[in-house]
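Have a look at query.txt; it's compact mmCIF, C-alpha atoms:
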```txt
# COMPACT_ATOMS: atom_id res chain seq x y z
CA MET A 1 -46.00 -11.35 12.06
CA LYS A 2 -43.08 -11.42 14.46
CA PHE A 3 -42.85 -13.18 17.80
CA PRO A 4 -41.28 -11.87 21.00
CA GLU A 5 -39.14 -15.01 21.18
CA GLU A 6 -37.26 -13.93 18.06
CA PRO A 7 -33.90 -12.31 18.73
CA TYR A 8 -34.10 -8.57 18.95
CA VAL A 9 -32.65 -6.79 15.95
CA THR A 10 -31.70 -3.14 15.83
CA PRO A 11 -33.37 -1.55 12.80
CA ALA A 12 -31.24 -1.51 9.68
CA GLY A 13 -29.10 1.59 9.42
CA PHE A 14 -28.92 2.20 13.16
CA VAL A 15 -26.51 1.32 15.96
CA ASP A 16 -27.50 0.92 19.62
CA TYR A 17 -25.34 2.20 22.45
CA PRO A 18 -26.09 1.55 26.15
CA PHE A 19 -27.05 4.71 27.97
CA ALA A 20 -28.85 6.05 31.03
CA TYR A 21 -30.51 9.44 31.19
CA VAL A 22 -30.44 10.50 34.82
CA TYR A 23 -32.80 13.01 36.39
CA ASP A 24 -31.38 14.86 39.39
CA ALA A 25 -34.16 15.42 41.92
CA THR A 26 -31.88 16.45 44.78
CA SER A 27 -32.96 20.09 44.61
CA LEU A 28 -36.71 19.44 44.61
CA ALA A 29 -38.83 20.24 47.65
CA ASP A 30 -39.95 17.39 49.86
CA GLY A 31 -43.72 17.06 50.02
CA ALA A 32 -44.31 18.84 46.73
CA ASN A 33 -45.84 17.55 43.49
CA TYR A 34 -44.25 18.21 40.13
CA ASN A 35 -46.13 17.87 36.87
CA ASP A 36 -44.72 17.41 33.40
CA ILE A 37 -41.04 17.40 34.25
CA ALA A 38 -39.01 17.25 31.04
CA LEU A 39 -35.65 15.55 30.89
CA PRO A 40 -34.26 16.57 27.50
CA LEU A 41 -32.25 14.14 25.42
CA GLN A 42 -28.73 15.10 24.45
CA GLY A 43 -29.62 15.71 20.84
CA ASP A 44 -27.18 13.32 19.25
CA SER A 45 -29.47 10.33 18.82
CA GLN A 46 -32.81 8.73 19.40
CA PHE A 47 -33.33 7.03 22.76
CA VAL A 48 -35.01 3.70 23.39
CA LEU A 49 -36.36 3.46 26.95
CA ARG A 50 -36.40 -0.03 28.47
CA ARG A 51 -36.48 0.51 32.24
CA VAL A 52 -36.97 3.18 34.89
CA LEU A 53 -34.87 2.90 38.06
CA GLY A 54 -34.92 4.60 41.42
CA VAL A 55 -38.30 6.34 41.63
CA PRO A 56 -38.69 5.27 45.31
CA ASN A 57 -35.55 7.33 46.04
CA VAL A 58 -37.36 10.45 44.86
CA VAL A 59 -40.95 10.08 46.07
CA ASP A 60 -42.40 9.16 49.43
CA THR A 61 -43.59 5.67 50.32
CA ALA A 62 -46.67 4.37 48.59
CA ALA A 63 -48.62 4.61 51.85
CA ASN A 64 -47.71 8.29 52.12
CA GLY A 65 -48.75 9.12 48.59
CA GLY A 66 -45.53 8.73 46.62
CA ARG A 67 -46.57 8.26 43.01
CA PHE A 68 -45.22 8.63 39.47
CA ASN A 69 -46.55 9.02 35.94
CA LEU A 70 -44.58 8.33 32.79
CA LYS A 71 -45.37 9.82 29.42
CA ASN A 72 -44.84 8.53 25.92
CA ALA A 73 -42.76 10.48 23.45
CA SER A 74 -45.97 12.05 22.17
CA GLY A 75 -46.72 13.46 25.61
CA ALA A 76 -49.62 11.07 26.21
CA TYR A 77 -49.60 9.29 29.53
CA ALA A 78 -48.31 5.72 29.62
CA ASN A 79 -50.71 4.83 32.40
CA GLY A 80 -54.32 5.39 33.37
CA SER A 81 -55.48 7.44 36.35
CA PRO A 82 -52.76 10.08 35.95
CA THR A 83 -54.35 12.24 38.65
CA THR A 84 -53.65 9.42 41.11
CA GLY A 85 -50.36 8.17 39.72
CA MET A 86 -48.56 4.87 39.82
CA VAL A 87 -46.84 3.19 42.74
CA MET A 88 -43.38 2.45 41.42
CA PRO A 89 -40.84 -0.17 42.44
CA ASN A 90 -37.06 0.23 42.20
CA CYS A 91 -37.09 -1.12 38.66
CA TRP A 92 -39.97 -0.62 36.25
CA PRO A 93 -39.49 -2.47 32.96
CA VAL A 94 -40.95 -0.78 29.90
CA VAL A 95 -42.38 -3.36 27.50
CA PRO A 96 -42.60 -2.75 24.63
CA GLU A 97 -39.77 -0.28 24.70
CA LYS A 98 -40.50 3.40 24.07
CA LEU A 99 -38.73 5.33 21.33
CA TYR A 100 -37.94 9.01 21.93
CA ASP A 101 -36.82 10.88 18.85
CA VAL A 102 -33.80 13.15 18.58
CA ASN A 103 -34.23 16.30 20.68
CA ASN A 104 -37.33 14.95 22.39
CA SER A 105 -37.65 14.85 26.18
CA ILE A 106 -38.59 12.17 28.66
CA ARG A 107 -41.58 13.57 30.53
CA PHE A 108 -43.02 12.45 33.84
CA ASP A 109 -44.86 13.56 36.99
CA LEU A 110 -43.82 13.17 40.61
CA PHE A 111 -46.28 13.06 43.53
CA THR A 112 -45.19 13.75 47.11
CA VAL A 113 -41.46 14.11 46.67
CA SER A 114 -39.29 12.69 49.43
CA ARG A 115 -35.59 12.68 48.65
CA ALA A 116 -33.56 9.72 49.85
CA ASN A 117 -30.39 10.76 51.65
CA ASN A 118 -27.42 9.75 53.74
CA SER A 119 -27.55 12.12 56.73
CA GLY A 120 -28.56 15.00 54.50
CA VAL A 121 -26.60 13.99 51.39
CA TYR A 122 -29.24 13.32 48.78
CA TYR A 123 -29.15 10.50 46.26
CA ALA A 124 -32.54 11.24 44.75
CA TYR A 125 -31.99 10.25 41.13
CA ILE A 126 -34.19 8.59 38.56
CA ALA A 127 -32.42 6.67 35.82
CA PHE A 128 -34.08 6.10 32.48
CA MET A 129 -32.06 3.24 31.03
CA GLY A 130 -32.00 1.92 27.52
CA VAL A 131 -29.99 2.57 24.42
CA LYS A 132 -29.08 5.55 22.35
CA ARG A 133 -29.96 4.74 18.76
CA PHE A 134 -27.56 6.40 16.36
CA ALA A 135 -28.09 6.63 12.65
CA ALA A 136 -25.35 4.98 10.64
CA GLY A 137 -22.38 7.26 10.24
CA THR A 138 -23.17 9.27 13.37
CA SER A 139 -22.54 6.58 15.95
CA PRO A 140 -19.60 6.37 18.34
CA ILE A 141 -16.71 4.24 17.19
CA PHE A 142 -17.22 0.69 18.42
CA HIS A 143 -14.18 -1.45 18.89
CA ARG A 144 -14.17 -4.57 16.76
CA THR A 145 -11.90 -7.36 17.87
CA PRO A 146 -9.33 -7.59 15.06
CA TYR A 147 -8.69 -11.31 15.35
CA ASP A 148 -10.55 -14.60 15.54
CA TYR A 149 -11.17 -15.50 19.13
CA ARG A 150 -12.76 -17.85 21.60
CA GLU A 151 -14.69 -16.55 24.57
CA VAL A 152 -13.49 -17.38 28.07
CA LYS A 153 -15.16 -16.36 31.29
CA TYR A 154 -13.14 -13.74 33.16
CA SER A 155 -13.59 -11.12 35.86
CA TYR A 156 -11.40 -8.24 36.92
CA SER A 157 -11.34 -7.47 40.63
CA LEU A 158 -10.20 -4.18 42.08
CA ASN A 159 -10.43 -2.60 45.50
CA PHE A 160 -10.75 1.04 46.44
CA GLN A 161 -11.51 3.19 49.44
CA ASN A 162 -13.97 6.03 49.42
CA SER A 163 -11.98 8.48 51.53
CA VAL A 164 -13.69 11.68 50.40
CA ASP A 165 -16.29 13.34 52.58
CA TYR A 166 -19.25 14.50 50.54
CA SER A 167 -19.13 18.11 49.44
CA ALA A 168 -20.90 19.93 46.66
CA GLY A 169 -18.75 20.15 43.57
CA GLN A 170 -16.22 17.62 44.82
CA THR A 171 -13.67 16.25 42.40
CA PRO A 172 -14.51 12.61 41.74
CA THR A 173 -12.00 9.88 42.49
CA ARG A 174 -11.00 8.02 39.35
CA ILE A 175 -10.44 4.28 39.45
CA SER A 176 -9.54 2.15 36.48
CA GLN A 177 -8.71 -1.34 35.37
CA ILE A 178 -6.34 -1.94 32.47
CA MET A 179 -7.25 -4.64 29.96
CA GLU A 180 -3.94 -6.46 30.19
CA GLN A 181 -3.85 -9.05 27.45
CA TYR A 182 -7.01 -9.51 25.46
CA ASP A 183 -10.13 -7.69 24.46
CA PHE A 184 -12.65 -7.83 27.27
CA GLU A 185 -16.44 -7.81 27.00
CA LEU A 186 -17.92 -6.13 30.07
CA MET A 187 -21.29 -7.61 31.01
CA SER A 188 -21.92 -6.53 34.60
CA ILE A 189 -20.51 -4.73 37.61
CA ARG A 190 -20.77 -5.99 41.19
CA ILE A 191 -19.75 -4.00 44.25
CA ALA A 192 -19.39 -5.17 47.85
CA ASP A 193 -18.23 -3.72 51.15
CA ILE A 194 -15.29 -5.87 52.28
CA THR A 195 -14.53 -3.93 55.46
CA THR A 196 -17.69 -5.18 57.11
CA PRO A 197 -18.87 -7.84 54.68
CA GLY A 198 -22.57 -8.46 54.66
CA THR A 199 -24.57 -11.28 53.16
CA GLY A 200 -24.13 -9.91 49.68
CA ALA A 201 -23.58 -6.87 47.57
CA LEU A 202 -23.49 -3.29 48.81
CA VAL A 203 -27.02 -1.95 49.21
CA THR A 204 -26.38 1.53 50.59
CA GLN A 205 -25.74 4.39 48.19
CA ASP A 206 -22.30 5.30 49.53
CA PHE A 207 -21.16 6.81 46.25
CA SER A 208 -22.21 7.40 42.69
CA ILE A 209 -20.43 6.21 39.57
CA THR A 210 -19.75 7.60 36.14
CA LEU A 211 -18.78 4.72 33.89
CA TYR A 212 -16.88 5.36 30.67
CA ASP A 213 -16.70 3.44 27.41
CA PRO A 214 -13.37 2.61 25.72
CA ASN A 215 -13.36 6.01 24.03
CA GLN A 216 -13.90 7.92 27.28
CA ARG A 217 -17.53 8.64 26.58
CA GLN A 218 -19.86 8.60 29.56
CA PHE A 219 -22.60 5.98 29.67
CA SER A 220 -24.85 8.42 31.52
CA ASN A 221 -25.42 12.17 31.55
CA LEU A 222 -24.94 12.28 35.34
CA PRO A 223 -23.36 9.92 37.88
CA LEU A 224 -25.50 6.98 38.89
CA PRO A 225 -25.93 5.88 42.53
CA GLN A 226 -23.94 2.68 42.85
CA GLY A 227 -27.03 0.53 43.33
CA TYR A 228 -28.29 1.42 39.86
CA LEU A 229 -25.22 -0.28 38.36
CA ASN A 230 -24.58 -2.96 40.95
CA ALA A 231 -25.65 -6.41 39.72
CA GLY A 232 -24.63 -8.17 42.92
CA ARG A 233 -27.28 -10.06 44.83
CA VAL A 234 -28.26 -8.86 48.30
CA SER A 235 -28.31 -12.45 49.53
CA ALA A 236 -28.63 -15.92 48.11
CA ALA A 237 -32.39 -15.54 48.23
CA GLN A 238 -32.68 -11.92 47.17
CA GLY A 239 -31.58 -10.45 43.87
CA PRO A 240 -30.06 -7.06 43.18
CA PRO A 241 -32.42 -4.36 44.49
CA TYR A 242 -32.56 -2.50 41.18
CA GLN A 243 -32.24 -5.52 38.87
CA ALA A 244 -29.16 -3.66 37.76
CA ILE A 245 -27.26 -5.03 34.82
CA PHE A 246 -25.16 -2.60 32.88
CA PRO A 247 -24.03 -2.08 30.16
CA VAL A 248 -26.77 -3.59 28.00
CA PRO A 249 -25.79 -4.45 25.33
CA SER A 250 -22.41 -5.36 26.71
CA MET A 251 -19.33 -3.38 25.73
CA ILE A 252 -15.95 -4.40 24.29
CA TYR A 253 -12.87 -2.85 25.85
CA PRO A 254 -9.78 -3.43 23.68
CA ALA A 255 -6.58 -4.92 25.01
CA GLY A 256 -4.44 -2.10 26.34
CA GLY A 257 -7.50 -0.01 27.09
CA ALA A 258 -9.12 0.57 30.44
CA ILE A 259 -12.46 0.48 32.19
CA ILE A 260 -12.65 3.81 33.97
CA MET A 261 -15.07 4.86 36.68
CA ASP A 262 -15.34 8.18 38.46
CA ILE A 263 -16.47 7.78 42.06
CA THR A 264 -18.36 10.61 43.73
CA SER A 265 -18.82 10.29 47.47
CA LEU A 266 -22.34 10.40 48.89
CA VAL A 267 -21.24 9.98 52.51
CA PRO A 268 -20.64 13.03 54.71
CA ASN A 269 -18.09 11.32 56.95
CA ALA A 270 -16.37 8.91 54.56
CA SER A 271 -12.85 9.83 55.66
CA SER A 272 -13.50 8.97 59.30
CA THR A 273 -15.22 5.67 58.56
CA LEU A 274 -13.00 4.30 55.85
CA ILE A 275 -14.56 1.43 53.97
CA THR A 276 -12.88 -0.72 51.37
CA TYR A 277 -15.02 -1.79 48.45
CA ASN A 278 -14.41 -4.60 46.01
CA VAL A 279 -15.51 -4.07 42.43
CA MET A 280 -15.99 -7.08 40.20
CA LEU A 281 -15.99 -6.33 36.50
CA ASP A 282 -17.57 -9.45 35.10
CA GLY A 283 -17.53 -10.60 31.52
CA VAL A 284 -15.63 -12.49 28.89
CA TRP A 285 -12.11 -12.48 27.57
CA ARG A 286 -11.70 -12.77 23.84
CA ILE A 287 -8.66 -14.99 23.51
CA PRO A 288 -7.05 -15.27 20.07
CA CYS A 289 -7.30 -18.60 18.32
CA LYS A 290 -6.22 -19.93 14.97
CA ALA A 291 -8.32 -18.90 12.08
CA SER A 292 -11.08 -21.41 11.44
CA ARG A 293 -11.28 -20.71 7.79
CA MET B 1 -15.68 -19.03 17.88
CA GLY B 2 -15.89 -15.35 17.65
CA ALA B 3 -16.45 -13.23 14.66
CA LEU B 4 -15.29 -9.68 14.14
CA ASN B 5 -18.25 -8.17 15.84
CA SER B 6 -19.51 -5.93 18.54
CA PRO B 7 -22.07 -7.22 21.05
CA ILE B 8 -25.71 -6.69 20.23
CA PHE B 9 -26.96 -8.07 23.54
CA ASN B 10 -25.82 -8.86 27.05
CA PRO B 11 -26.34 -12.53 27.94
CA GLN B 12 -26.36 -11.75 31.67
CA SER B 13 -29.28 -9.40 31.28
CA ALA B 14 -33.01 -10.04 31.19
CA PRO B 15 -34.43 -10.07 27.65
CA VAL B 16 -36.49 -6.98 28.31
CA PHE B 17 -33.37 -4.90 28.96
CA ASN B 18 -31.76 -6.23 25.79
CA GLY B 19 -34.85 -5.49 23.78
CA VAL B 20 -37.87 -7.57 22.94
CA THR B 21 -38.94 -7.99 19.36
CA ASP B 22 -41.99 -5.98 18.45
CA ALA B 23 -44.81 -8.53 18.28
CA SER B 24 -47.57 -6.17 17.22
CA PRO B 25 -50.10 -7.88 14.95
CA GLU B 26 -49.99 -6.86 11.33
CA GLY B 27 -51.69 -3.52 10.84
CA TYR B 28 -51.35 -2.55 14.50
CA THR B 29 -48.73 -1.14 16.80
CA ASP B 30 -48.52 -1.96 20.50
CA VAL B 31 -47.66 0.77 23.00
CA ASP B 32 -46.77 -0.01 26.61
CA PHE B 33 -49.58 0.97 28.97
CA THR B 34 -50.68 0.35 32.54
CA TYR B 35 -54.12 0.72 34.09
CA PRO B 36 -53.90 1.14 37.87
CA TYR B 37 -56.74 0.24 40.23
CA ASP B 38 -56.77 2.04 43.57
CA VAL B 39 -59.03 1.07 46.42
CA SER B 40 -59.20 1.45 50.18
CA LEU B 41 -61.08 -1.28 52.02
CA THR B 42 -62.27 -1.27 55.59
CA ALA B 43 -61.67 -4.38 57.67
CA ASN B 44 -63.17 -7.42 55.89
CA GLN B 45 -65.01 -5.21 53.42
CA LYS B 46 -66.11 -6.86 50.20
CA LEU B 47 -66.68 -4.97 46.98
CA SER B 48 -68.23 -6.59 43.94
CA ASP B 49 -68.40 -5.52 40.31
CA GLN B 50 -65.68 -2.94 40.54
CA THR B 51 -64.39 -1.84 37.19
CA VAL B 52 -61.34 -0.35 35.61
CA ALA B 53 -62.60 1.32 32.47
CA THR B 54 -60.34 1.27 29.45
CA THR B 55 -60.02 4.30 27.25
CA ASN B 56 -61.73 4.69 23.90
CA ASP B 57 -58.64 5.20 21.81
CA ALA B 58 -57.36 1.64 21.63
CA ASP B 59 -57.93 -1.96 22.63
CA PHE B 60 -55.93 -3.05 25.65
CA ALA B 61 -53.97 -6.32 25.60
CA TRP B 62 -53.76 -7.25 29.27
CA ARG B 63 -50.57 -9.19 29.95
CA ALA B 64 -49.65 -8.94 33.61
CA ILE B 65 -50.70 -7.98 37.12
CA VAL B 66 -48.57 -6.19 39.68
CA ILE B 67 -49.70 -5.47 43.23
CA GLY B 68 -47.98 -2.14 43.70
CA LEU B 69 -49.32 -1.50 47.17
CA ALA B 70 -51.28 -3.46 49.76
CA THR B 71 -51.21 -2.72 53.45
CA GLY B 72 -52.71 -6.13 54.20
CA ALA B 73 -53.86 -9.38 52.68
CA PHE B 74 -56.91 -9.52 50.44
CA SER B 75 -58.60 -11.87 48.04
CA ILE B 76 -59.67 -11.03 44.55
CA ARG B 77 -61.35 -12.25 41.39
CA PHE B 78 -60.97 -10.73 37.95
CA SER B 79 -63.18 -10.77 34.91
CA ASP B 80 -62.79 -9.53 31.37
CA SER B 81 -64.95 -7.14 29.43
CA GLN B 82 -67.46 -9.87 28.60
CA GLY B 83 -67.92 -10.88 32.21
CA TYR B 84 -65.74 -14.00 31.85
CA TYR B 85 -64.26 -14.76 35.27
CA LEU B 86 -60.60 -15.72 35.33
CA SER B 87 -61.09 -18.01 38.32
CA ASN B 88 -63.94 -19.97 39.89
CA GLY B 89 -63.52 -18.14 43.17
CA PHE B 90 -61.58 -15.52 45.02
CA VAL B 91 -57.79 -15.91 44.90
CA ALA B 92 -55.59 -14.93 47.84
CA SER B 93 -53.37 -11.96 47.12
CA ALA B 94 -50.46 -14.03 48.42
CA ASN B 95 -50.85 -16.23 45.34
CA ILE B 96 -50.41 -13.40 42.89
CA VAL B 97 -47.60 -11.60 44.65
CA ALA B 98 -45.22 -10.17 42.10
CA ASP B 99 -43.17 -7.12 41.38
CA ALA B 100 -42.91 -5.07 38.26
CA ALA B 101 -39.76 -6.81 37.11
CA SER B 102 -41.36 -10.23 37.44
CA PRO B 103 -45.08 -9.60 37.26
CA TRP B 104 -47.84 -12.17 37.60
CA PRO B 105 -48.41 -13.12 33.97
CA VAL B 106 -51.74 -13.09 32.20
CA PHE B 107 -51.19 -15.58 29.41
CA PRO B 108 -52.47 -15.70 26.84
CA GLU B 109 -53.11 -12.00 26.84
CA ILE B 110 -56.70 -10.87 27.29
CA ILE B 111 -58.02 -8.30 24.87
CA ILE B 112 -60.14 -5.64 26.51
CA PRO B 113 -61.84 -3.66 23.75
CA ALA B 114 -61.57 0.10 23.61
CA GLY B 115 -64.09 1.56 26.01
CA GLY B 116 -64.29 -1.77 27.81
CA ARG B 117 -63.64 -2.80 31.38
CA ILE B 118 -61.65 -5.06 33.64
CA GLY B 119 -63.95 -6.44 36.31
CA ILE B 120 -62.88 -6.87 39.92
CA ASP B 121 -64.41 -8.44 42.99
CA ILE B 122 -62.25 -7.82 46.02
CA GLN B 123 -62.36 -8.48 49.74
CA ASP B 124 -60.06 -7.58 52.59
CA ILE B 125 -59.00 -10.61 54.62
CA SER B 126 -56.54 -8.84 56.90
CA GLY B 127 -59.15 -7.63 59.34
CA GLN B 128 -57.64 -4.16 59.09
CA SER B 129 -58.15 -1.23 56.79
CA ASN B 130 -56.36 -1.96 53.56
CA THR B 131 -55.03 0.45 50.94
CA ILE B 132 -54.34 -1.25 47.64
CA GLN B 133 -53.05 -0.41 44.19
CA ILE B 134 -53.08 -3.07 41.51
CA ALA B 135 -51.45 -2.33 38.16
CA PHE B 136 -52.79 -4.01 35.04
CA ARG B 137 -49.87 -4.01 32.66
CA GLY B 138 -50.04 -4.57 28.95
CA VAL B 139 -50.23 -2.63 25.73
CA LYS B 140 -52.61 -0.35 23.96
CA ARG B 141 -53.11 -1.76 20.49
CA TYR B 142 -53.51 0.98 17.93
CA ARG B 143 -54.47 0.50 14.33
CA LEU B 144 -51.55 1.85 12.35
CA ALA B 145 -53.74 4.33 10.54
CA ASP B 146 -54.81 5.71 13.92
CA ILE B 147 -51.43 5.88 15.60
CA SER B 148 -50.96 9.18 17.32
CA LYS B 149 -49.57 8.06 20.68
```

Rewrite the structure of this file - the entire thing - as structure tokens.
Amino acid sequence: MKFPEEPYVTPAGFVDYPFAYVYDATSLADGANYNDIALPLQGDSQFVLRRVLGVPNVVDTAANGGRFNLKNASGAYANGSPTTGMVMPNCWPVVPEKLYDVNNSIRFDLFTVSRANNSGVYYAYIAFMGVKRFAAGTSPIFHRTPYDYREVKYSYSLNFQNSVDYSAGQTPTRISQIMEQYDFELMSIRIADITTPGTGALVTQDFSITLYDPNQRQFSNLPLPQGYLNAGRVSAAQGPPYQAIFPVPSMIYPAGGAIIMDITSLVPNASSTLITYNVMLDGVWRIPCKASR
Amino acid sequence: MGALNSPIFNPQSAPVFNGVTDASPEGYTDVDFTYPYDVSLTANQKLSDQTVATTNDADFAWRAIVIGLATGAFSIRFSDSQGYYLSNGFVASANIVADAASPWPVFPEIIIPAGGRIGIDIQDISGQSNTIQIAFRGVKRYRLADISK
């Protein structure tokens, strides 16, 4: 018998890769119910679901009948009373994790849709976060640090302005941070408005983000509203609204490589109300050391 | 000292997002499941012997409580399928406030047999009408030979 306190181990012969399947609900009709929505997997791997983010951005308030049902890979409901549905918070952990096989779909129901928006620009997205589970030999190439190293806390800080007014089909703004000297292990991303600093991290969905791995592969099938990736606390007493930590597991970016993010504006008047944002890429430097053996 | 490896977990993250080791008992497999309980109370209304019936396909290992919705304060007492009360009296909802990411734990887990019930006595103490949803989180425990979910 195993115990939950034991370190988690990916099954032999498989490799886990952080990923978020994103459902775009921006074109749904407010007030409507939708049963058995299927979000198909990309077909390259299994998917292990560990959390569901952002349902309150897609359905109405609990008092107004906003509800959600999640289904297992088999199609069976993961909750009772499916005709009533579940009240969902920003982050719904899935324990034990759910395994969806290659070419399966993540299925769910929505009750009383109400799309969150910034003056008519919708950010109604549900993120199903977890890991893609690749069979050995089919996985992406993971960078392995080619030297012995010691780990040292380090964060990259970069600023950018979202100067693009929202428009359908806009070209995203690309921002990047070069890994100057050493391999860097990215553990979390924090974003704050530094034009009008608040008590903590940015809580409004001013833009969405597509984050890339060292090989320019996207970590999500669609851009994620910034809050779904933003691990910054709202205040000293209040944690990140979506309990957002990403990537999990963390990701190694090799020296000379870059962390790249595409920024898509979700604000209709961004160019007239220019805001500067600070992005903190938090993690660990892998600094070379003499061989210990 | 580092080895020539790639990360298998993120130390900044909660264990559940990194993955929690499957702790299903031998011969069983646990599948995440939630039983919600919905109720609307009038001001100061008290309801006794309410039940959330569990399905016939698997035992339910009850591990946590989440108050998903409450428009006012209430007090509550739970019991298991055998009528064993989890407290000697009603408990204020304010004392079991939790969210899904940090639920109010039921430890050790309580096994509700297939076709069993979670018992609830509940009373509004807000003096107003009160719409409530309580989620009983845990796992369905399937015998491996029966696994179809």

* To do: Could you list, as a ChimeraX atom specification, the residues of chain B having an atom within 9 Å of chain A when counting all atoms listed in the file?
  => /B:1-26,30-38,54-55,68-71,99-101,131,133-135,137-139,148-149

* Around (-61.7, 4.6, 24.7) in the file's own coordinates, what residues are found within 7 Å if you use only C-alpha atoms, given back as number ranges by chain? -> B: 54-58, 114-115

For those residues, write C-alpha atoms to a file as a PDB file, in the frame of the given file.
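Ended up saving to part-v2.pdb:
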```pdb
ATOM      1  CA  THR B  54     -60.340   1.270  29.450  1.00  0.00           C
ATOM      2  CA  THR B  55     -60.020   4.300  27.250  1.00  0.00           C
ATOM      3  CA  ASN B  56     -61.730   4.690  23.900  1.00  0.00           C
ATOM      4  CA  ASP B  57     -58.640   5.200  21.810  1.00  0.00           C
ATOM      5  CA  ALA B  58     -57.360   1.640  21.630  1.00  0.00           C
ATOM      6  CA  ALA B 114     -61.570   0.100  23.610  1.00  0.00           C
ATOM      7  CA  GLY B 115     -64.090   1.560  26.010  1.00  0.00           C
TER       8      GLY B 115
END
```

* Find the residues around B:Asn130 up to 10 Å (only C-alpha atoms counted), leave out those fewer than 3 positions away in its own chain, and share them as an NGL selection string. => :B and (39-45 or 69-74 or 123-127)

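Across the structure, atom CA of A:Asn162 and atom CA of A:Tyr253 are spaced 25.2 Å apart.
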
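Note that the spacing between atom CA of A:Ala201 and atom CA of B:Ala64 amounts to 29.6 Å.
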
* Neighbour residues at most 10 Å from (-10.9, 6.9, 22.5) (all atoms listed in the file) as a VMD selection string -> chain A and resid 140 to 143 213 to 217 257

Can you write just those residues out, C-alpha atoms, as a PDB file, keeping the file's coordinate frame?
```pdb
ATOM      1  CA  PRO A 140     -19.600   6.370  18.340  1.00  0.00           C
ATOM      2  CA  ILE A 141     -16.710   4.240  17.190  1.00  0.00           C
ATOM      3  CA  PHE A 142     -17.220   0.690  18.420  1.00  0.00           C
ATOM      4  CA  HIS A 143     -14.180  -1.450  18.890  1.00  0.00           C
ATOM      5  CA  ASP A 213     -16.700   3.440  27.410  1.00  0.00           C
ATOM      6  CA  PRO A 214     -13.370   2.610  25.720  1.00  0.00           C
ATOM      7  CA  ASN A 215     -13.360   6.010  24.030  1.00  0.00           C
ATOM      8  CA  GLN A 216     -13.900   7.920  27.280  1.00  0.00           C
ATOM      9  CA  ARG A 217     -17.530   8.640  26.580  1.00  0.00           C
ATOM     10  CA  GLY A 257      -7.500  -0.010  27.090  1.00  0.00           C
TER      11      GLY A 257
END
```

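Pairwise distance (atom CA of A:Tyr125, atom CA of A:Asn103) equals 21.4 Å.
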
* Structure fact -> Of A:Met280, A:Arg107, A:Phe160, A:Ser220, the one sitting nearest A:Val22 when using all atoms listed in the file is A:Ser220

* Between B:Asn88, B:Ile111, B:Ile96, B:Asp80, which is the closest to B:Thr51 once you count all atoms listed in the file? -> B:Asp80

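Of the residues listed (B:Ser48, B:Ser81, B:Arg117, B:Ile65), B:Ile65 shows the shortest atom-to-atom separation from B:Asn95; distances use only C-alpha atoms.
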
* Find the spatial neighbours of A:Asp206, counting all atoms listed in the file, within a cut-off of 9 Å - ignore same-chain residues fewer than 2 positions away - and output them as a PyMOL selection string. => chain A and resi 118+162+202-204+208+225-226+264-267+270

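Of the residues under consideration (B:Ile122, B:Leu144, B:Val52, B:Ala98), B:Ile122 shows the shortest atom-to-atom contact distance to B:Ser75 when counting all atoms listed in the file.
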